[in-house]
>>> print(open('structure.pdb').read())   # PDB, C-alpha atoms
ATOM      1  CA  MET A   1     -32.982 -88.170  91.227  1.00  0.00           C
ATOM      2  CA  LEU A   2     -31.282 -89.770  88.221  1.00  0.00           C
ATOM      3  CA  SER A   3     -33.877 -92.554  88.222  1.00  0.00           C
ATOM      4  CA  LEU A   4     -36.650 -89.972  88.086  1.00  0.00           C
ATOM      5  CA  MET A   5     -35.006 -88.150  85.162  1.00  0.00           C
ATOM      6  CA  VAL A   6     -34.551 -91.418  83.230  1.00  0.00           C
ATOM      7  CA  TRP A   7     -38.158 -92.421  83.952  1.00  0.00           C
ATOM      8  CA  MET A   8     -39.418 -89.030  82.737  1.00  0.00           C
ATOM      9  CA  ALA A   9     -37.300 -89.257  79.594  1.00  0.00           C
ATOM     10  CA  MET A  10     -38.621 -92.748  78.924  1.00  0.00           C
ATOM     11  CA  ARG A  11     -42.215 -91.570  79.242  1.00  0.00           C
ATOM     12  CA  ARG A  12     -41.626 -88.811  76.697  1.00  0.00           C
ATOM     13  CA  THR A  13     -39.808 -90.965  74.159  1.00  0.00           C
ATOM     14  CA  SER A  14     -41.665 -94.262  74.432  1.00  0.00           C
ATOM     15  CA  ALA A  15     -44.004 -95.042  71.601  1.00  0.00           C
ATOM     16  CA  PRO A  16     -46.634 -97.761  71.679  1.00  0.00           C
ATOM     17  CA  ALA A  17     -45.636-100.894  69.785  1.00  0.00           C
ATOM     18  CA  LEU A  18     -47.485-101.728  66.623  1.00  0.00           C
ATOM     19  CA  PRO A  19     -49.227-105.091  66.511  1.00  0.00           C
ATOM     20  CA  GLY A  20     -46.677-107.840  65.905  1.00  0.00           C
ATOM     21  CA  GLN A  21     -43.692-105.666  66.909  1.00  0.00           C
ATOM     22  CA  ASP A  22     -41.632-105.723  70.052  1.00  0.00           C
ATOM     23  CA  GLN A  23     -41.982-102.543  72.054  1.00  0.00           C
ATOM     24  CA  GLN A  24     -38.736-100.576  72.132  1.00  0.00           C
ATOM     25  CA  THR A  25     -37.971 -97.694  74.410  1.00  0.00           C
ATOM     26  CA  ARG A  26     -35.681 -94.907  73.253  1.00  0.00           C
ATOM     27  CA  VAL A  27     -34.203 -92.628  75.857  1.00  0.00           C
ATOM     28  CA  ALA A  28     -32.387 -89.437  74.940  1.00  0.00           C
ATOM     29  CA  VAL A  29     -29.814 -88.812  77.629  1.00  0.00           C
ATOM     30  CA  GLN A  30     -27.572 -85.763  77.662  1.00  0.00           C
ATOM     31  CA  PRO A  31     -24.710 -85.148  80.038  1.00  0.00           C
ATOM     32  CA  SER A  32     -25.917 -83.038  82.905  1.00  0.00           C
ATOM     33  CA  GLY A  33     -23.509 -80.171  82.328  1.00  0.00           C
ATOM     34  CA  PHE A  34     -21.981 -78.014  85.046  1.00  0.00           C
ATOM     35  CA  ALA A  35     -23.560 -76.331  88.050  1.00  0.00           C
ATOM     36  CA  CYS A  36     -23.061 -72.642  88.732  1.00  0.00           C
ATOM     37  CA  HIS A  37     -22.246 -71.566  92.285  1.00  0.00           C
ATOM     38  CA  TYR A  38     -22.487 -67.771  92.315  1.00  0.00           C
ATOM     39  CA  THR A  39     -20.613 -65.598  94.792  1.00  0.00           C
ATOM     40  CA  ARG A  40     -19.625 -61.934  94.939  1.00  0.00           C
ATOM     41  CA  ARG A  41     -16.126 -60.945  95.983  1.00  0.00           C
ATOM     42  CA  SER A  42     -15.065 -57.314  96.091  1.00  0.00           C
ATOM     43  CA  GLY A  43     -18.141 -56.456  94.035  1.00  0.00           C
ATOM     44  CA  HIS A  44     -17.321 -58.949  91.274  1.00  0.00           C
ATOM     45  CA  LEU A  45     -19.487 -61.936  90.323  1.00  0.00           C
ATOM     46  CA  PHE A  46     -17.963 -65.417  90.196  1.00  0.00           C
ATOM     47  CA  ALA A  47     -19.590 -68.727  89.282  1.00  0.00           C
ATOM     48  CA  GLY A  48     -17.143 -71.086  90.967  1.00  0.00           C
ATOM     49  CA  HIS A  49     -15.205 -72.389  87.973  1.00  0.00           C
ATOM     50  CA  SER A  50     -12.427 -69.896  87.281  1.00  0.00           C
ATOM     51  CA  ALA A  51     -11.131 -66.672  88.725  1.00  0.00           C
ATOM     52  CA  SER A  52      -8.760 -66.057  85.813  1.00  0.00           C
ATOM     53  CA  GLU A  53      -9.831 -63.938  82.869  1.00  0.00           C
ATOM     54  CA  PRO A  54      -7.990 -65.090  79.737  1.00  0.00           C
ATOM     55  CA  LEU A  55      -9.122 -64.384  76.192  1.00  0.00           C
ATOM     56  CA  VAL A  56     -11.883 -66.918  75.428  1.00  0.00           C
ATOM     57  CA  LEU A  57     -12.844 -67.589  71.814  1.00  0.00           C
ATOM     58  CA  LEU A  58     -15.137 -69.704  69.670  1.00  0.00           C
ATOM     59  CA  ASN A  59     -14.301 -73.436  69.852  1.00  0.00           C
ATOM     60  CA  ALA A  60     -12.534 -73.156  73.214  1.00  0.00           C
ATOM     61  CA  GLY A  61     -13.344 -75.741  75.834  1.00  0.00           C
ATOM     62  CA  ASP A  62     -12.308 -75.477  79.470  1.00  0.00           C
ATOM     63  CA  GLU A  63     -13.253 -74.215  82.936  1.00  0.00           C
ATOM     64  CA  GLN A  64     -13.050 -70.581  81.777  1.00  0.00           C
ATOM     65  CA  VAL A  65     -15.789 -71.351  79.246  1.00  0.00           C
ATOM     66  CA  VAL A  66     -17.941 -72.819  82.021  1.00  0.00           C
ATOM     67  CA  GLU A  67     -17.382 -69.614  84.005  1.00  0.00           C
ATOM     68  CA  VAL A  68     -18.389 -67.524  80.963  1.00  0.00           C
ATOM     69  CA  GLN A  69     -21.506 -69.638  80.364  1.00  0.00           C
ATOM     70  CA  CYS A  70     -22.583 -69.413  84.006  1.00  0.00           C
ATOM     71  CA  LEU A  71     -22.041 -65.645  84.114  1.00  0.00           C
ATOM     72  CA  LEU A  72     -23.909 -65.166  80.830  1.00  0.00           C
ATOM     73  CA  THR A  73     -26.830 -67.057  82.350  1.00  0.00           C
ATOM     74  CA  ALA A  74     -26.704 -64.885  85.482  1.00  0.00           C
ATOM     75  CA  HIS A  75     -26.973 -61.807  83.250  1.00  0.00           C
ATOM     76  CA  GLY A  76     -29.976 -63.204  81.364  1.00  0.00           C
ATOM     77  CA  HIS A  77     -28.150 -64.245  78.179  1.00  0.00           C
ATOM     78  CA  SER A  78     -28.614 -67.977  77.666  1.00  0.00           C
ATOM     79  CA  PRO A  79     -25.614 -69.770  76.144  1.00  0.00           C
ATOM     80  CA  GLY A  80     -27.590 -73.004  75.922  1.00  0.00           C
ATOM     81  CA  ARG A  81     -26.486 -75.943  78.053  1.00  0.00           C
ATOM     82  CA  ILE A  82     -23.575 -75.128  80.332  1.00  0.00           C
ATOM     83  CA  ASP A  83     -21.121 -77.669  78.984  1.00  0.00           C
ATOM     84  CA  GLY A  84     -17.733 -75.921  78.880  1.00  0.00           C
ATOM     85  CA  LEU A  85     -17.727 -75.734  75.074  1.00  0.00           C
ATOM     86  CA  PHE A  86     -17.662 -72.311  73.436  1.00  0.00           C
ATOM     87  CA  GLY A  87     -19.951 -72.912  70.474  1.00  0.00           C
ATOM     88  CA  GLU A  88     -22.340 -70.815  68.424  1.00  0.00           C
ATOM     89  CA  HIS A  89     -24.943 -70.458  71.206  1.00  0.00           C
ATOM     90  CA  THR A  90     -22.332 -69.177  73.641  1.00  0.00           C
ATOM     91  CA  GLU A  91     -20.887 -66.836  71.031  1.00  0.00           C
ATOM     92  CA  SER A  92     -24.356 -65.445  70.295  1.00  0.00           C
ATOM     93  CA  ALA A  93     -25.009 -64.884  74.008  1.00  0.00           C
ATOM     94  CA  VAL A  94     -21.627 -63.118  74.340  1.00  0.00           C
ATOM     95  CA  LYS A  95     -22.520 -60.825  71.439  1.00  0.00           C
ATOM     96  CA  ASP A  96     -25.895 -60.024  73.029  1.00  0.00           C
ATOM     97  CA  LEU A  97     -24.169 -59.168  76.328  1.00  0.00           C
ATOM     98  CA  GLN A  98     -21.615 -57.012  74.505  1.00  0.00           C
ATOM     99  CA  ARG A  99     -24.351 -55.198  72.573  1.00  0.00           C
ATOM    100  CA  ASP A 100     -26.391 -54.575  75.737  1.00  0.00           C
ATOM    101  CA  GLY A 101     -23.293 -53.479  77.673  1.00  0.00           C
ATOM    102  CA  GLY A 102     -21.991 -51.070  75.044  1.00  0.00           C
ATOM    103  CA  ALA A 103     -18.818 -53.071  74.356  1.00  0.00           C
ATOM    104  CA  ALA A 104     -17.318 -53.935  70.983  1.00  0.00           C
ATOM    105  CA  VAL A 105     -19.433 -56.752  69.551  1.00  0.00           C
ATOM    106  CA  ASP A 106     -16.973 -59.418  68.427  1.00  0.00           C
ATOM    107  CA  GLY A 107     -18.107 -62.568  70.272  1.00  0.00           C
ATOM    108  CA  LYS A 108     -14.756 -62.838  72.066  1.00  0.00           C
ATOM    109  CA  VAL A 109     -14.415 -62.702  75.828  1.00  0.00           C
ATOM    110  CA  GLY A 110     -11.612 -60.254  76.499  1.00  0.00           C
ATOM    111  CA  PRO A 111     -11.078 -57.618  79.227  1.00  0.00           C
ATOM    112  CA  GLN A 112     -14.175 -55.508  78.350  1.00  0.00           C
ATOM    113  CA  THR A 113     -16.448 -58.537  78.250  1.00  0.00           C
ATOM    114  CA  TRP A 114     -15.013 -60.012  81.445  1.00  0.00           C
ATOM    115  CA  ALA A 115     -15.800 -56.671  83.123  1.00  0.00           C
ATOM    116  CA  LEU A 116     -19.417 -56.956  81.930  1.00  0.00           C
ATOM    117  CA  LEU A 117     -19.630 -60.591  83.084  1.00  0.00           C
ATOM    118  CA  ARG A 118     -18.135 -59.896  86.509  1.00  0.00           C
ATOM    119  CA  GLY A 119     -20.283 -56.772  87.054  1.00  0.00           C
TER
END
>>> encode(input="structure.pdb", output="structure tokens")
Amino acid sequence: MLSLMVWMAMRRTSAPALPGQDQQTRVAVQPSGFACHYTRRSGHLFAGHSASEPLVLLNAGDEQVVEVQCLLTAHGHSPGRIDGLFGEHTESAVKDLQRDGGAAVDGKVGPQTWALLRG
């Protein structure tokens, strides 16, 4: 699988060499990120990274952020790549979820937002 992804990336980023130049291949490789494994327990949605619900803020980075990013994705609010880093894309997705769910729109994941994410 990894070989196929590298091959596809090489095809997209390879440029033909100009006459008299060596051909160089540039490959943009990003870390794969985290997988989301969704389950429901007692009516609440979990993504397999954290069952705790601490306050999660901009610039945080841990398993709770991965959980937030996975749950945002499940609710149709893309945080970008699921990488465990609470950056601007994740904050924007949190605000969209809060707006749609009728919660205070502050970009922070507190009790109200966890309730929306777990719902």
>>> resolve_selection(input="structure.pdb", expression="the PyMOL selection byres ((chain A and resi 59) around 6)", output="MDAnalysis selection string")
chainID A and resid 58 60 86:87
>>> resolve_selection(input="structure.pdb", expression="the PyMOL selection byres ((chain A and resi 62) around 10)", output="MDAnalysis selection string")
chainID A and resid 49:50 56 60:61 63:67 83:86
>>> resolve_selection(input="structure.pdb", expression="the PyMOL selection byres ((chain A and resi 94) around 8)", output="list in words")
Leu72, His77, Pro79, Thr90, Glu91, Ser92, Ala93, Lys95, Asp96, Leu97, Gln98, Gly107, Lys108, Val109 and Thr113 of chain A
>>> write_last_selection(input="structure.pdb", atoms="C-alpha atoms", output="PDB file, in the coordinates of the input")
ATOM      1  CA  LEU A  72     -23.909 -65.166  80.830  1.00  0.00           C
ATOM      2  CA  HIS A  77     -28.150 -64.245  78.179  1.00  0.00           C
ATOM      3  CA  PRO A  79     -25.614 -69.770  76.144  1.00  0.00           C
ATOM      4  CA  THR A  90     -22.332 -69.177  73.641  1.00  0.00           C
ATOM      5  CA  GLU A  91     -20.887 -66.836  71.031  1.00  0.00           C
ATOM      6  CA  SER A  92     -24.356 -65.445  70.295  1.00  0.00           C
ATOM      7  CA  ALA A  93     -25.009 -64.884  74.008  1.00  0.00           C
ATOM      8  CA  LYS A  95     -22.520 -60.825  71.439  1.00  0.00           C
ATOM      9  CA  ASP A  96     -25.895 -60.024  73.029  1.00  0.00           C
ATOM     10  CA  LEU A  97     -24.169 -59.168  76.328  1.00  0.00           C
ATOM     11  CA  GLN A  98     -21.615 -57.012  74.505  1.00  0.00           C
ATOM     12  CA  GLY A 107     -18.107 -62.568  70.272  1.00  0.00           C
ATOM     13  CA  LYS A 108     -14.756 -62.838  72.066  1.00  0.00           C
ATOM     14  CA  VAL A 109     -14.415 -62.702  75.828  1.00  0.00           C
ATOM     15  CA  THR A 113     -16.448 -58.537  78.250  1.00  0.00           C
TER      16      THR A 113
END
>>> residues_around(input="structure.pdb", residues="Thr73 of chain A", least_positions_apart="5", cutoff="10 Å", atoms="only C-alpha atoms", output="number ranges by chain")
A: 36, 67-68, 78-82, 93, 117
>>> atom_distance(input="structure.pdb", atom1="atom CA of Asp106 of chain A", atom2="atom CA of Glu88 of chain A")
12.6 Å
>>> residues_around(input="structure.pdb", residues="Gly43 of chain A", least_positions_apart="6", cutoff="12 Å", atoms="all atoms listed in the file", output="JSON, numbers by chain")
{"A": [115, 117, 118, 119]}
>>> atom_distance(input="structure.pdb", atom1="atom CA of Arg99 of chain A", atom2="atom CA of Leu57 of chain A")
16.9 Å
>>> closest_residue(input="structure.pdb", among="A:His89, A:Thr39, A:Gly33, A:Gly101", to="Ala74 of chain A", atoms="only C-alpha atoms")
A:Thr39
>>> decode(input="structure.pdb", residues="segment 77-97 of chain A", atoms="C-alpha atoms", output="mmCIF file, in the first residue's frame")
data_model
loop_
_atom_site.group_PDB
_atom_site.id
_atom_site.type_symbol
_atom_site.label_atom_id
_atom_site.label_comp_id
_atom_site.auth_asym_id
_atom_site.auth_seq_id
_atom_site.Cartn_x
_atom_site.Cartn_y
_atom_site.Cartn_z
ATOM 1 C CA HIS A 77 -17.162 19.321 9.907
ATOM 2 C CA SER A 78 -13.717 18.754 8.419
ATOM 3 C CA PRO A 79 -10.811 19.729 10.686
ATOM 4 C CA GLY A 80 -8.329 19.012 7.905
ATOM 5 C CA ARG A 81 -5.885 16.145 8.363
ATOM 6 C CA ILE A 82 -6.432 14.212 11.572
ATOM 7 C CA ASP A 83 -3.038 14.806 13.130
ATOM 8 C CA GLY A 84 -3.667 15.426 16.840
ATOM 9 C CA LEU A 85 -2.812 19.130 16.565
ATOM 10 C CA PHE A 86 -5.505 21.670 17.402
ATOM 11 C CA GLY A 87 -4.797 24.323 14.787
ATOM 12 C CA GLU A 88 -6.849 26.863 12.878
ATOM 13 C CA HIS A 89 -8.659 24.276 10.717
ATOM 14 C CA THR A 90 -9.760 22.323 13.777
ATOM 15 C CA GLU A 91 -10.807 25.501 15.564
ATOM 16 C CA SER A 92 -12.866 26.573 12.543
ATOM 17 C CA ALA A 93 -14.567 23.165 12.389
ATOM 18 C CA VAL A 94 -15.331 23.373 16.135
ATOM 19 C CA LYS A 95 -16.912 26.797 15.641
ATOM 20 C CA ASP A 96 -19.028 25.472 12.755
ATOM 21 C CA LEU A 97 -20.220 22.564 14.926
#
